Protein chains: 4
Amino acid sequence: MRAPVVIINFKAYAEVQGDRAVALADACQEVSDDTGVTIAVCPPITELSSVSRAVTVPVFAQHVDAKRPGAATGHITPELAKAAGAAGTLLNHSERRMVLADLALAVRLCKDAGLITCVCTDTCFTSAAAASLEPDLIAVEPPELIGGDVSVTDAQPEIVSDAVRAVHRIDESIQVLCGAGVKTGKDVKKAVELGASGVLLASGVVKAKEPRKVLADLVQFL
Amino acid sequence: MRAPVVIINFKAYAEVQGDRAVALADACQEVSDDTGVTIAVCPPITELSSVSRAVTVPVFAQHVDAKRPGAATGHITPELAKAAGAAGTLLNHSERRMVLADLALAVRLCKDAGLITCVCTDTCFTSAAAASLEPDLIAVEPPELIGGDVSVTDAQPEIVSDAVRAVHRIDESIQVLCGAGVKTGKDVKKAVELGASGVLLASGVVKAKEPRKVLADLVQFL
Amino acid sequence: MRAPVVIINFKAYAEVQGDRAVALADACQEVSDDTGVTIAVCPPITELSSVSRAVTVPVFAQHVDAKRPGAATGHITPELAKAAGAAGTLLNHSERRMVLADLALAVRLCKDAGLITCVCTDTCFTSAAAASLEPDLIAVEPPELIGGDVSVTDAQPEIVSDAVRAVHRIDESIQVLCGAGVKTGKDVKKAVELGASGVLLASGVVKAKEPRKVLADLVQFL
Amino acid sequence: MRAPVVIINFKAYAEVQGDRAVALADACQEVSDDTGVTIAVCPPITELSSVSRAVTVPVFAQHVDAKRPGAATGHITPELAKAAGAAGTLLNHSERRMVLADLALAVRLCKDAGLITCVCTDTCFTSAAAASLEPDLIAVEPPELIGGDVSVTDAQPEIVSDAVRAVHRIDESIQVLCGAGVKTGKDVKKAVELGASGVLLASGVVKAKEPRKVLADLVQFL
């Protein structure tokens, strides 16, 4: 994906149930079109196909399982996500952690299915570990800051720069994002200065009264 | 749901990726319309909204999580399933078992969201336990027979009648289905004779060359 | 077990590492001998055999897995717990929840191995569900009160009496304990008045400066 | 640990319940004393303290949880394992996989507690990933060969040499073991030739009629 990248994780907030997921994706599309910044959207899996049909920005699943097509009731295979229109997927989000062996297999199955992978991590150690699995992107997010009011770029700037270094020591082609508490254009600017290729964020946009405004503010320095 | 009930679990088979989920749901709809038998369909969650829009037979999610709307990346809340058009959901399928406390909470949250619940179980013990959680349906399936060639109604008929008795001792209003290896109209007839209100099945229909034919055969004695 | 029953869960507190587990079990033994009240102890699994060798009060594992002897690295089979001297085990504690099918199987395997089972639950619904699995004891503990300063017998007395009723409607032979925030003899007295056969508690004793004194206070009205 | 290293995983086999765990550890001790080869033993956690007291070879837990001392019922903290006499621990065995973030935290907590860590992996990808977590040893074991009759060194020799290379590209100080199907001295010799620092094995020794003989055969070329 063309950096800088902003990924909006819709989570399972009430604000994105049903048609409202498409409305928020439309707002992301509009700001992306206006500014030329890559904005990817992660709707709930129930709205993956409706959002994929509605917008041209990259649509990511919030999670897929390390499963091949078959008897896997209640699981989302990479193929199912792809068939529903997904361009990529988050993996191992702090709210949906994966066993290491499954995470590694999921990245491989996603490659086979043609999905971009963004593995979420919590420290430099796990970021470096994830790099060996060869995902396209790694998003480092200290869990204690997720959903909070202080941006990781202020609270723990060194985790961003250290994670970028640790990942690139293993594989320079992987784009490193950061997340947790990111809310303003200044936070995003700081993230890029720290070496990140972009940001992953959620509540700051999803729960905003005027998401379009927040998005425009977020990408203003990119 | 009006008994007898036939629930078709699409699982994550290659045969139901993308548009093919709607095609299979259409076949179920047609046979239901022709025969008056309630046929519910469980497409992969990625196709929940597209299938819900396409058919009028009850559409079930294959799983929902015991989560309220909020920060629950990669999870399916009952509200999300409802907003996508689901009438109900499977819970605790053998391929997606749930922790007891979560299963109990999920049933409650589904009631609040207006979803019919069908809890899958493996023995008389767990069927009786599930009955205390007050779901609408319980589907007992010995896991070792799932996906196999011998119907539970032949291999372990007593598990069906015992589960019906055990569940109804707790709560007579719960409908008990059986599953695992069910493939023919004769199997379904036997299930009803054993006290079941219907059947839950998957591969027998999903992987069939002519699902319509198999479905017509399945419901012929109902 | 002869009611009233007091079960002391040592958890993984620093206060019970190594030999200190035996010291705390000794205190429980002494108070049990002095008062005639059944006091069972649940040391960390690492100290199961040393505590079992040191005391004659019933020693419980904090958890066993639903596994038969075999290739189960890192798991505790009921047979292993029994061979280490355990008289019984907790199952499904709120800090170690189990999948329903595993919980049911674990109770069966424990019976086969000669272990007493105490299934932990969080609500009337899950207490009633657990009753159908035929354990010896059920301990209801609202998770939000565990480790806190207010006893369940004050905060939610109705959950105790309702759980007792719900369990006994299914099986009168099961003893129902309550837990969460229980700290004093008055709390225990109230529990028994509400129909409980005893209590399950942890920090109130384990983290006490003088556990012997706290224990003597706890059982004074029994 | 001084290479070559042979780690014997006792798993939860019936052959190592109760006192039999010490008997098997004694056999390992004897062969280690006779040959000078480092043989570490992994008894079930219930027998960790009894085995630690009985032998001087390194005793490993089969698993510890990523938990600090506290309210962690049914969990094994690194401190508990250490207090029970453990010198180290396996982590992430294929029968006890861990979430990546927990695995990383567990390695750190083990370092703090003074435990040697051996992380089990299944492929070159996960071996390389594990290397970034800075454990002392990594044991690569293709799960499909575990417990089988064909040694990994015959079935997939390249996975051993590739894993050694992948791990050492990240951190040369980590010792790489291999496992799965390893049964004879020839298998162990082959493992060392492929670059491994030793082997991890279970059933070949634990279920042997004469473990002493099998052990002597295993280490003969070391």
# chains A, B, ... in the order shown; residues from 1 in each chain; ligands from 1
>>> interface_residues(of="chain A", to="chain B", cutoff="9 Å", atoms="only C-alpha atoms", output="ChimeraX atom specification")
/A:9-19,44-50,61-64,67-77,79-85,90-91,93-96,147,202-203
>>> write_last_selection(atoms="N, CA and C atoms", output="compact mmCIF listing (two decimals), in the first residue's frame")
# COMPACT_ATOMS: atom_id res chain seq x y z
N ASN A 9 -10.10 1.33 12.00
CA ASN A 9 -10.70 0.09 12.53
C ASN A 9 -12.07 0.42 13.12
N PHE A 10 -13.13 -0.08 12.48
CA PHE A 10 -14.49 0.25 12.92
C PHE A 10 -14.87 -0.48 14.21
N LYS A 11 -14.08 -1.52 14.57
CA LYS A 11 -14.39 -2.37 15.73
C LYS A 11 -15.86 -2.84 15.69
N ALA A 12 -16.47 -3.00 16.85
CA ALA A 12 -17.88 -3.45 16.88
C ALA A 12 -18.74 -2.37 17.52
N TYR A 13 -18.35 -1.14 17.31
CA TYR A 13 -19.09 -0.02 17.92
C TYR A 13 -20.51 0.06 17.38
N ALA A 14 -21.41 0.51 18.24
CA ALA A 14 -22.81 0.70 17.84
C ALA A 14 -22.90 1.64 16.64
N GLU A 15 -21.92 2.55 16.54
CA GLU A 15 -21.94 3.56 15.48
C GLU A 15 -21.77 2.96 14.07
N VAL A 16 -21.36 1.70 13.98
CA VAL A 16 -21.11 1.14 12.64
C VAL A 16 -21.97 -0.09 12.35
N GLN A 17 -23.06 -0.25 13.10
CA GLN A 17 -23.94 -1.38 12.82
C GLN A 17 -24.74 -1.14 11.54
N GLY A 18 -24.94 -2.19 10.79
CA GLY A 18 -25.76 -2.10 9.57
C GLY A 18 -25.26 -1.05 8.60
N ASP A 19 -26.17 -0.26 8.06
CA ASP A 19 -25.84 0.70 7.00
C ASP A 19 -24.86 1.77 7.44
N PRO A 44 -16.94 -4.12 10.49
CA PRO A 44 -17.23 -5.42 11.09
C PRO A 44 -17.38 -6.45 9.97
N ILE A 45 -17.08 -7.70 10.24
CA ILE A 45 -17.10 -8.72 9.18
C ILE A 45 -18.49 -8.89 8.58
N THR A 46 -19.52 -8.61 9.37
CA THR A 46 -20.89 -8.69 8.84
C THR A 46 -21.14 -7.67 7.73
N GLU A 47 -20.35 -6.60 7.71
CA GLU A 47 -20.56 -5.54 6.71
C GLU A 47 -19.43 -5.50 5.69
N LEU A 48 -18.60 -6.54 5.69
CA LEU A 48 -17.45 -6.56 4.79
C LEU A 48 -17.89 -6.45 3.33
N SER A 49 -18.89 -7.23 2.95
CA SER A 49 -19.29 -7.23 1.53
C SER A 49 -20.03 -5.95 1.16
N SER A 50 -20.87 -5.44 2.06
CA SER A 50 -21.62 -4.22 1.71
C SER A 50 -20.66 -3.04 1.58
N ALA A 61 -10.63 -6.88 6.42
CA ALA A 61 -11.33 -7.60 7.48
C ALA A 61 -10.65 -7.24 8.80
N GLN A 62 -11.37 -7.38 9.91
CA GLN A 62 -10.77 -7.09 11.22
C GLN A 62 -9.99 -8.31 11.72
N HIS A 63 -10.27 -9.46 11.11
CA HIS A 63 -9.64 -10.71 11.56
C HIS A 63 -10.00 -11.79 10.56
N VAL A 64 -9.06 -12.68 10.27
CA VAL A 64 -9.43 -13.93 9.61
C VAL A 64 -8.77 -15.05 10.40
N LYS A 67 -7.54 -20.85 8.77
CA LYS A 67 -8.32 -22.01 8.33
C LYS A 67 -8.41 -22.04 6.82
N ARG A 68 -8.31 -23.23 6.29
CA ARG A 68 -8.56 -23.43 4.87
C ARG A 68 -10.05 -23.67 4.67
N PRO A 69 -10.56 -23.50 3.44
CA PRO A 69 -11.98 -23.78 3.21
C PRO A 69 -12.33 -25.18 3.70
N GLY A 70 -13.48 -25.32 4.35
CA GLY A 70 -13.89 -26.63 4.85
C GLY A 70 -14.83 -26.51 6.03
N ALA A 71 -14.75 -27.52 6.89
CA ALA A 71 -15.65 -27.59 8.04
C ALA A 71 -15.11 -26.69 9.14
N ALA A 72 -15.45 -25.42 9.09
CA ALA A 72 -14.94 -24.45 10.05
C ALA A 72 -16.05 -23.48 10.42
N THR A 73 -17.08 -24.02 11.05
CA THR A 73 -18.26 -23.24 11.43
C THR A 73 -17.86 -22.02 12.27
N GLY A 74 -18.39 -20.87 11.89
CA GLY A 74 -18.14 -19.67 12.68
C GLY A 74 -16.79 -19.04 12.46
N HIS A 75 -16.00 -19.61 11.56
CA HIS A 75 -14.68 -19.05 11.27
C HIS A 75 -14.71 -18.32 9.93
N ILE A 76 -13.77 -17.38 9.79
CA ILE A 76 -13.63 -16.61 8.55
C ILE A 76 -12.33 -17.04 7.88
N THR A 77 -12.42 -17.76 6.80
CA THR A 77 -11.21 -18.11 6.07
C THR A 77 -10.75 -16.90 5.26
N GLU A 79 -10.12 -16.95 2.21
CA GLU A 79 -10.89 -17.03 0.95
C GLU A 79 -12.26 -16.38 1.09
N LEU A 80 -12.91 -16.61 2.22
CA LEU A 80 -14.23 -15.99 2.43
C LEU A 80 -14.11 -14.47 2.45
N ALA A 81 -13.07 -13.97 3.13
CA ALA A 81 -12.88 -12.52 3.20
C ALA A 81 -12.62 -11.96 1.80
N LYS A 82 -11.78 -12.66 1.05
CA LYS A 82 -11.46 -12.23 -0.31
C LYS A 82 -12.73 -12.23 -1.18
N ALA A 83 -13.50 -13.31 -1.08
CA ALA A 83 -14.71 -13.43 -1.89
C ALA A 83 -15.72 -12.35 -1.53
N ALA A 84 -15.65 -11.85 -0.30
CA ALA A 84 -16.56 -10.79 0.13
C ALA A 84 -16.05 -9.41 -0.29
N GLY A 85 -14.88 -9.37 -0.93
CA GLY A 85 -14.39 -8.11 -1.46
C GLY A 85 -13.24 -7.48 -0.69
N LEU A 90 -6.63 -7.20 9.10
CA LEU A 90 -5.87 -7.13 10.34
C LEU A 90 -5.71 -8.56 10.84
N LEU A 91 -4.64 -8.80 11.60
CA LEU A 91 -4.44 -10.09 12.25
C LEU A 91 -3.87 -9.82 13.64
N HIS A 93 -5.06 -8.53 16.39
CA HIS A 93 -5.39 -7.31 17.13
C HIS A 93 -5.44 -7.62 18.62
N SER A 94 -5.15 -6.63 19.45
CA SER A 94 -5.10 -6.89 20.90
C SER A 94 -6.43 -7.40 21.44
N GLU A 95 -7.51 -7.14 20.71
CA GLU A 95 -8.81 -7.65 21.14
C GLU A 95 -9.11 -9.01 20.51
N ARG A 96 -8.14 -9.54 19.75
CA ARG A 96 -8.35 -10.81 19.04
C ARG A 96 -7.00 -11.46 18.80
N GLY A 147 -7.72 3.13 22.95
CA GLY A 147 -9.00 3.69 23.39
C GLY A 147 -8.86 4.84 24.37
N ALA A 202 -9.12 4.01 15.71
CA ALA A 202 -10.49 3.52 15.80
C ALA A 202 -11.42 4.56 16.39
N SER A 203 -11.52 4.56 17.73
CA SER A 203 -12.54 5.38 18.39
C SER A 203 -12.46 6.84 18.01
>>> residues_around(residues="Asp171 (chain A)", least_positions_apart="4", cutoff="8 Å", atoms="only C-alpha atoms", output="PyMOL selection string")
chain A and resi 131-132+134+167
>>> calpha_fit_and_write(fixed="chain B", moving="chain A", output="CSV table (one decimal) with C-alpha atoms, in the first residue's frame")
chain,number,residue,atom,x,y,z
A,1,MET,CA,-39.7,-21.6,14.8
A,2,ARG,CA,-42.4,-23.8,13.4
A,3,ALA,CA,-41.3,-27.5,13.7
A,4,PRO,CA,-40.2,-29.6,12.0
A,5,VAL,CA,-37.1,-27.4,11.5
A,6,VAL,CA,-34.2,-28.2,9.1
A,7,ILE,CA,-31.1,-26.0,9.6
A,8,ILE,CA,-28.5,-26.0,6.9
A,9,ASN,CA,-25.0,-25.0,8.2
A,10,PHE,CA,-23.0,-23.8,5.2
A,11,LYS,CA,-19.7,-23.9,7.3
A,12,ALA,CA,-16.7,-22.4,5.5
A,13,TYR,CA,-16.8,-24.8,2.5
A,14,ALA,CA,-15.4,-23.6,-0.8
A,15,GLU,CA,-18.8,-24.3,-2.2
A,16,VAL,CA,-20.4,-21.3,-0.4
A,17,GLN,CA,-17.8,-18.6,-1.0
A,18,GLY,CA,-19.1,-15.3,-2.3
A,19,ASP,CA,-22.2,-15.5,-4.5
A,20,ARG,CA,-22.5,-19.2,-4.2
A,21,ALA,CA,-23.9,-18.7,-0.6
A,22,VAL,CA,-26.9,-16.9,-2.1
A,23,ALA,CA,-27.3,-19.6,-4.7
A,24,LEU,CA,-27.5,-22.3,-2.1
A,25,ALA,CA,-29.8,-20.3,0.1
A,26,ASP,CA,-32.1,-19.8,-3.0
A,27,ALA,CA,-32.2,-23.6,-3.3
A,28,CYS,CA,-33.2,-23.9,0.3
A,29,GLN,CA,-35.9,-21.2,-0.2
A,30,GLU,CA,-37.3,-23.0,-3.1
A,31,VAL,CA,-37.7,-26.3,-1.4
A,32,SER,CA,-39.1,-24.6,1.7
A,33,ASP,CA,-41.7,-22.8,-0.4
A,34,ASP,CA,-42.6,-26.1,-2.3
A,35,THR,CA,-43.0,-28.2,0.8
A,36,GLY,CA,-43.9,-25.8,3.6
A,37,VAL,CA,-41.1,-27.1,5.8
A,38,THR,CA,-39.1,-24.5,7.8
A,39,ILE,CA,-35.6,-24.5,6.3
A,40,ALA,CA,-33.2,-22.1,8.0
A,41,VAL,CA,-29.8,-21.3,6.5
A,42,CYS,CA,-26.4,-20.5,8.2
A,43,PRO,CA,-24.2,-18.8,5.6
A,44,PRO,CA,-20.6,-17.8,6.5
A,45,ILE,CA,-20.7,-14.5,8.4
A,46,THR,CA,-19.2,-12.7,5.5
A,47,GLU,CA,-22.3,-13.5,3.4
A,48,LEU,CA,-24.8,-12.9,6.2
A,49,SER,CA,-26.2,-9.7,4.8
A,50,SER,CA,-26.2,-10.7,1.2
A,51,VAL,CA,-28.1,-13.9,2.0
A,52,SER,CA,-30.5,-12.1,4.3
A,53,ARG,CA,-31.3,-9.7,1.5
A,54,ALA,CA,-31.9,-12.5,-1.0
A,55,VAL,CA,-34.2,-14.9,0.8
A,56,THR,CA,-37.2,-15.0,3.2
A,57,VAL,CA,-36.3,-18.3,5.0
A,58,PRO,CA,-34.8,-17.7,8.4
A,59,VAL,CA,-31.1,-16.8,8.2
A,60,PHE,CA,-28.8,-17.7,11.1
A,61,ALA,CA,-25.3,-16.6,11.9
A,62,GLN,CA,-22.9,-19.5,12.5
A,63,HIS,CA,-21.7,-17.9,15.7
A,64,VAL,CA,-21.9,-14.7,17.6
A,65,ASP,CA,-19.6,-13.6,20.5
A,66,ALA,CA,-20.7,-12.8,24.0
A,67,LYS,CA,-19.9,-9.1,23.4
A,68,ARG,CA,-21.8,-5.9,23.7
A,69,PRO,CA,-21.3,-3.2,21.1
A,70,GLY,CA,-17.9,-1.5,21.6
A,71,ALA,CA,-14.2,-2.2,21.3
A,72,ALA,CA,-14.4,-5.8,20.1
A,73,THR,CA,-12.2,-6.0,17.0
A,74,GLY,CA,-12.9,-9.2,15.0
A,75,HIS,CA,-15.9,-10.2,17.1
A,76,ILE,CA,-19.5,-10.5,16.0
A,77,THR,CA,-21.9,-9.0,18.5
A,78,PRO,CA,-25.5,-10.1,18.4
A,79,GLU,CA,-26.5,-6.6,17.4
A,80,LEU,CA,-24.2,-6.7,14.3
A,81,ALA,CA,-25.7,-10.0,13.3
A,82,LYS,CA,-29.2,-8.6,13.7
A,83,ALA,CA,-28.3,-5.5,11.8
A,84,ALA,CA,-27.0,-7.7,9.0
A,85,GLY,CA,-30.4,-9.3,8.7
A,86,ALA,CA,-30.0,-12.5,10.8
A,87,ALA,CA,-33.1,-14.0,12.4
A,88,GLY,CA,-31.0,-16.2,14.7
A,89,THR,CA,-27.7,-17.8,15.4
A,90,LEU,CA,-25.9,-21.0,16.2
A,91,LEU,CA,-23.9,-20.9,19.4
A,92,ASN,CA,-21.2,-23.3,20.7
A,93,HIS,CA,-20.9,-25.4,17.5
A,94,SER,CA,-18.3,-28.2,17.9
A,95,GLU,CA,-16.0,-26.3,15.6
A,96,ARG,CA,-16.5,-23.1,17.7
A,97,ARG,CA,-17.0,-24.1,21.3
A,98,MET,CA,-17.7,-21.4,23.9
A,99,VAL,CA,-16.8,-21.0,27.6
A,100,LEU,CA,-19.8,-21.7,29.7
A,101,ALA,CA,-20.1,-18.2,31.1
A,102,ASP,CA,-19.8,-16.7,27.6
A,103,LEU,CA,-22.4,-19.1,26.2
A,104,ALA,CA,-24.8,-18.1,28.9
A,105,LEU,CA,-24.2,-14.4,28.3
A,106,ALA,CA,-24.4,-14.8,24.6
A,107,VAL,CA,-27.9,-16.4,24.9
A,108,ARG,CA,-29.0,-13.4,27.0
A,109,LEU,CA,-27.5,-10.8,24.6
A,110,CYS,CA,-29.2,-12.6,21.7
A,111,LYS,CA,-32.6,-12.4,23.4
A,112,ASP,CA,-32.0,-8.7,23.9
A,113,ALA,CA,-31.1,-8.3,20.3
A,114,GLY,CA,-34.1,-10.3,19.1
A,115,LEU,CA,-32.1,-13.3,17.7
A,116,ILE,CA,-33.3,-16.9,17.9
A,117,THR,CA,-30.6,-19.1,19.6
A,118,CYS,CA,-29.7,-22.6,18.7
A,119,VAL,CA,-27.1,-24.0,21.1
A,120,CYS,CA,-25.1,-27.0,19.9
A,121,THR,CA,-24.1,-29.7,22.4
A,122,ASP,CA,-22.4,-33.1,22.3
A,123,THR,CA,-24.0,-35.3,25.0
A,124,CYS,CA,-27.1,-35.5,27.2
A,125,PHE,CA,-25.1,-33.8,30.0
A,126,THR,CA,-24.3,-30.7,28.0
A,127,SER,CA,-27.7,-30.7,26.4
A,128,ALA,CA,-29.3,-30.6,29.8
A,129,ALA,CA,-26.9,-28.0,30.9
A,130,ALA,CA,-27.7,-25.8,27.8
A,131,ALA,CA,-31.4,-26.1,28.6
A,132,SER,CA,-30.8,-24.1,31.8
A,133,LEU,CA,-29.5,-21.2,29.7
A,134,GLU,CA,-33.0,-20.9,28.0
A,135,PRO,CA,-32.1,-21.0,24.3
A,136,ASP,CA,-34.8,-21.5,21.7
A,137,LEU,CA,-33.3,-24.6,20.2
A,138,ILE,CA,-30.7,-27.2,21.2
A,139,ALA,CA,-28.9,-29.3,18.5
A,140,VAL,CA,-27.2,-32.3,19.9
A,141,GLU,CA,-24.4,-33.7,17.7
A,142,PRO,CA,-21.8,-36.3,18.7
A,143,PRO,CA,-18.6,-34.7,17.3
A,144,GLU,CA,-17.1,-38.0,16.2
A,145,LEU,CA,-20.0,-38.5,13.8
A,146,ILE,CA,-20.0,-34.9,12.3
A,147,GLY,CA,-19.1,-34.9,8.6
A,148,GLY,CA,-19.2,-38.7,8.5
A,149,ASP,CA,-21.2,-41.2,6.6
A,150,VAL,CA,-23.3,-42.7,9.4
A,151,SER,CA,-26.3,-40.8,10.7
A,152,VAL,CA,-26.5,-40.1,14.5
A,153,THR,CA,-30.0,-41.6,14.2
A,154,ASP,CA,-28.6,-44.9,13.2
A,155,ALA,CA,-25.3,-44.8,15.1
A,156,GLN,CA,-26.5,-43.5,18.5
A,157,PRO,CA,-30.3,-43.2,18.4
A,158,GLU,CA,-30.5,-43.2,22.2
A,159,ILE,CA,-28.5,-40.0,22.4
A,160,VAL,CA,-31.3,-38.3,20.5
A,161,SER,CA,-34.1,-39.6,22.6
A,162,ASP,CA,-32.2,-39.2,25.8
A,163,ALA,CA,-31.2,-35.6,25.0
A,164,VAL,CA,-34.8,-34.7,24.2
A,165,ARG,CA,-35.9,-36.2,27.5
A,166,ALA,CA,-33.1,-34.5,29.5
A,167,VAL,CA,-33.8,-31.1,27.9
A,168,HIS,CA,-37.5,-31.3,28.4
A,169,ARG,CA,-37.1,-32.3,32.0
A,170,ILE,CA,-35.6,-28.8,32.4
A,171,ASP,CA,-37.7,-26.8,29.9
A,172,GLU,CA,-40.4,-28.3,27.7
A,173,SER,CA,-40.5,-25.2,25.4
A,174,ILE,CA,-37.1,-25.8,24.0
A,175,GLN,CA,-37.0,-27.6,20.6
A,176,VAL,CA,-34.3,-30.3,20.3
A,177,LEU,CA,-32.6,-31.0,17.0
A,178,CYS,CA,-30.1,-33.6,16.2
A,179,GLY,CA,-27.2,-33.6,13.8
A,180,ALA,CA,-24.1,-35.4,12.6
A,181,GLY,CA,-24.1,-37.7,9.5
A,182,VAL,CA,-27.7,-36.8,8.7
A,183,LYS,CA,-28.1,-37.1,4.9
A,184,THR,CA,-31.4,-38.6,3.8
A,185,GLY,CA,-35.2,-38.2,4.3
A,186,LYS,CA,-35.1,-41.5,6.2
A,187,ASP,CA,-32.6,-40.1,8.7
A,188,VAL,CA,-34.8,-37.1,9.2
A,189,LYS,CA,-37.9,-39.2,9.7
A,190,LYS,CA,-36.0,-41.3,12.3
A,191,ALA,CA,-34.9,-38.1,14.1
A,192,VAL,CA,-38.5,-37.0,14.4
A,193,GLU,CA,-39.6,-40.4,15.6
A,194,LEU,CA,-36.9,-40.2,18.3
A,195,GLY,CA,-38.5,-37.0,19.5
A,196,ALA,CA,-36.4,-34.4,17.7
A,197,SER,CA,-38.1,-31.3,16.3
A,198,GLY,CA,-35.8,-31.4,13.3
A,199,VAL,CA,-32.2,-31.7,12.2
A,200,LEU,CA,-29.0,-29.6,11.7
A,201,LEU,CA,-26.9,-30.6,8.8
A,202,ALA,CA,-24.1,-29.4,6.6
A,203,SER,CA,-21.9,-31.4,4.2
A,204,GLY,CA,-24.8,-33.6,3.0
A,205,VAL,CA,-26.4,-30.6,1.4
A,206,VAL,CA,-23.5,-28.1,0.9
A,207,LYS,CA,-21.2,-30.5,-0.9
A,208,ALA,CA,-24.0,-32.2,-2.8
A,209,LYS,CA,-23.9,-31.9,-6.6
A,210,GLU,CA,-27.6,-31.2,-6.7
A,211,PRO,CA,-28.5,-29.6,-3.3
A,212,ARG,CA,-32.1,-29.0,-4.4
A,213,LYS,CA,-32.6,-32.8,-4.9
A,214,VAL,CA,-31.0,-33.7,-1.6
A,215,LEU,CA,-33.1,-31.1,0.2
A,216,ALA,CA,-36.3,-32.4,-1.4
A,217,ASP,CA,-35.3,-35.9,-0.3
A,218,LEU,CA,-34.5,-34.7,3.2
A,219,VAL,CA,-37.9,-33.1,3.9
A,220,GLN,CA,-40.1,-35.7,2.0
A,221,PHE,CA,-41.4,-37.4,5.1
A,222,LEU,CA,-42.0,-34.2,7.1
>>> select_by_dssp(residues="region 144-198 of chain A", states="strand (DSSP E or B)", output="NGL selection string")
:A and (175-179 or 198)
>>> select_by_dssp(residues="region 3-94 of chain B", states="alpha helix (DSSP H)", output="VMD selection string")
chain B and resid 20 to 35 48 to 54 78 to 83
>>> decode(residues="region 67-77 of chain A", atoms="N, CA, C and O atoms", output="tab-separated table (two decimals), in the first residue's frame")
chain	number	residue	atom	x	y	z
A	67	LYS	N	-7.54	-20.85	8.77
A	67	LYS	CA	-8.32	-22.01	8.33
A	67	LYS	C	-8.41	-22.04	6.82
A	67	LYS	O	-8.60	-20.99	6.18
A	68	ARG	N	-8.31	-23.23	6.29
A	68	ARG	CA	-8.56	-23.43	4.87
A	68	ARG	C	-10.05	-23.67	4.67
A	68	ARG	O	-10.76	-23.99	5.62
A	69	PRO	N	-10.56	-23.50	3.44
A	69	PRO	CA	-11.98	-23.78	3.21
A	69	PRO	C	-12.33	-25.18	3.70
A	69	PRO	O	-11.54	-26.11	3.52
A	70	GLY	N	-13.48	-25.32	4.35
A	70	GLY	CA	-13.89	-26.63	4.85
A	70	GLY	C	-14.83	-26.51	6.03
A	70	GLY	O	-15.58	-25.55	6.15
A	71	ALA	N	-14.75	-27.52	6.89
A	71	ALA	CA	-15.65	-27.59	8.04
A	71	ALA	C	-15.11	-26.69	9.14
A	71	ALA	O	-14.35	-27.13	10.01
A	72	ALA	N	-15.45	-25.42	9.09
A	72	ALA	CA	-14.94	-24.45	10.05
A	72	ALA	C	-16.05	-23.48	10.42
A	72	ALA	O	-15.96	-22.27	10.17
A	73	THR	N	-17.08	-24.02	11.05
A	73	THR	CA	-18.26	-23.24	11.43
A	73	THR	C	-17.86	-22.02	12.27
A	73	THR	O	-17.11	-22.14	13.24
A	74	GLY	N	-18.39	-20.87	11.89
A	74	GLY	CA	-18.14	-19.67	12.68
A	74	GLY	C	-16.79	-19.04	12.46
A	74	GLY	O	-16.45	-18.05	13.11
A	75	HIS	N	-16.00	-19.61	11.56
A	75	HIS	CA	-14.68	-19.05	11.27
A	75	HIS	C	-14.71	-18.32	9.93
A	75	HIS	O	-15.51	-18.61	9.06
A	76	ILE	N	-13.77	-17.38	9.79
A	76	ILE	CA	-13.63	-16.61	8.55
A	76	ILE	C	-12.33	-17.04	7.88
A	76	ILE	O	-11.24	-16.73	8.37
A	77	THR	N	-12.42	-17.76	6.80
A	77	THR	CA	-11.21	-18.11	6.07
A	77	THR	C	-10.75	-16.90	5.26
A	77	THR	O	-11.55	-16.04	4.90
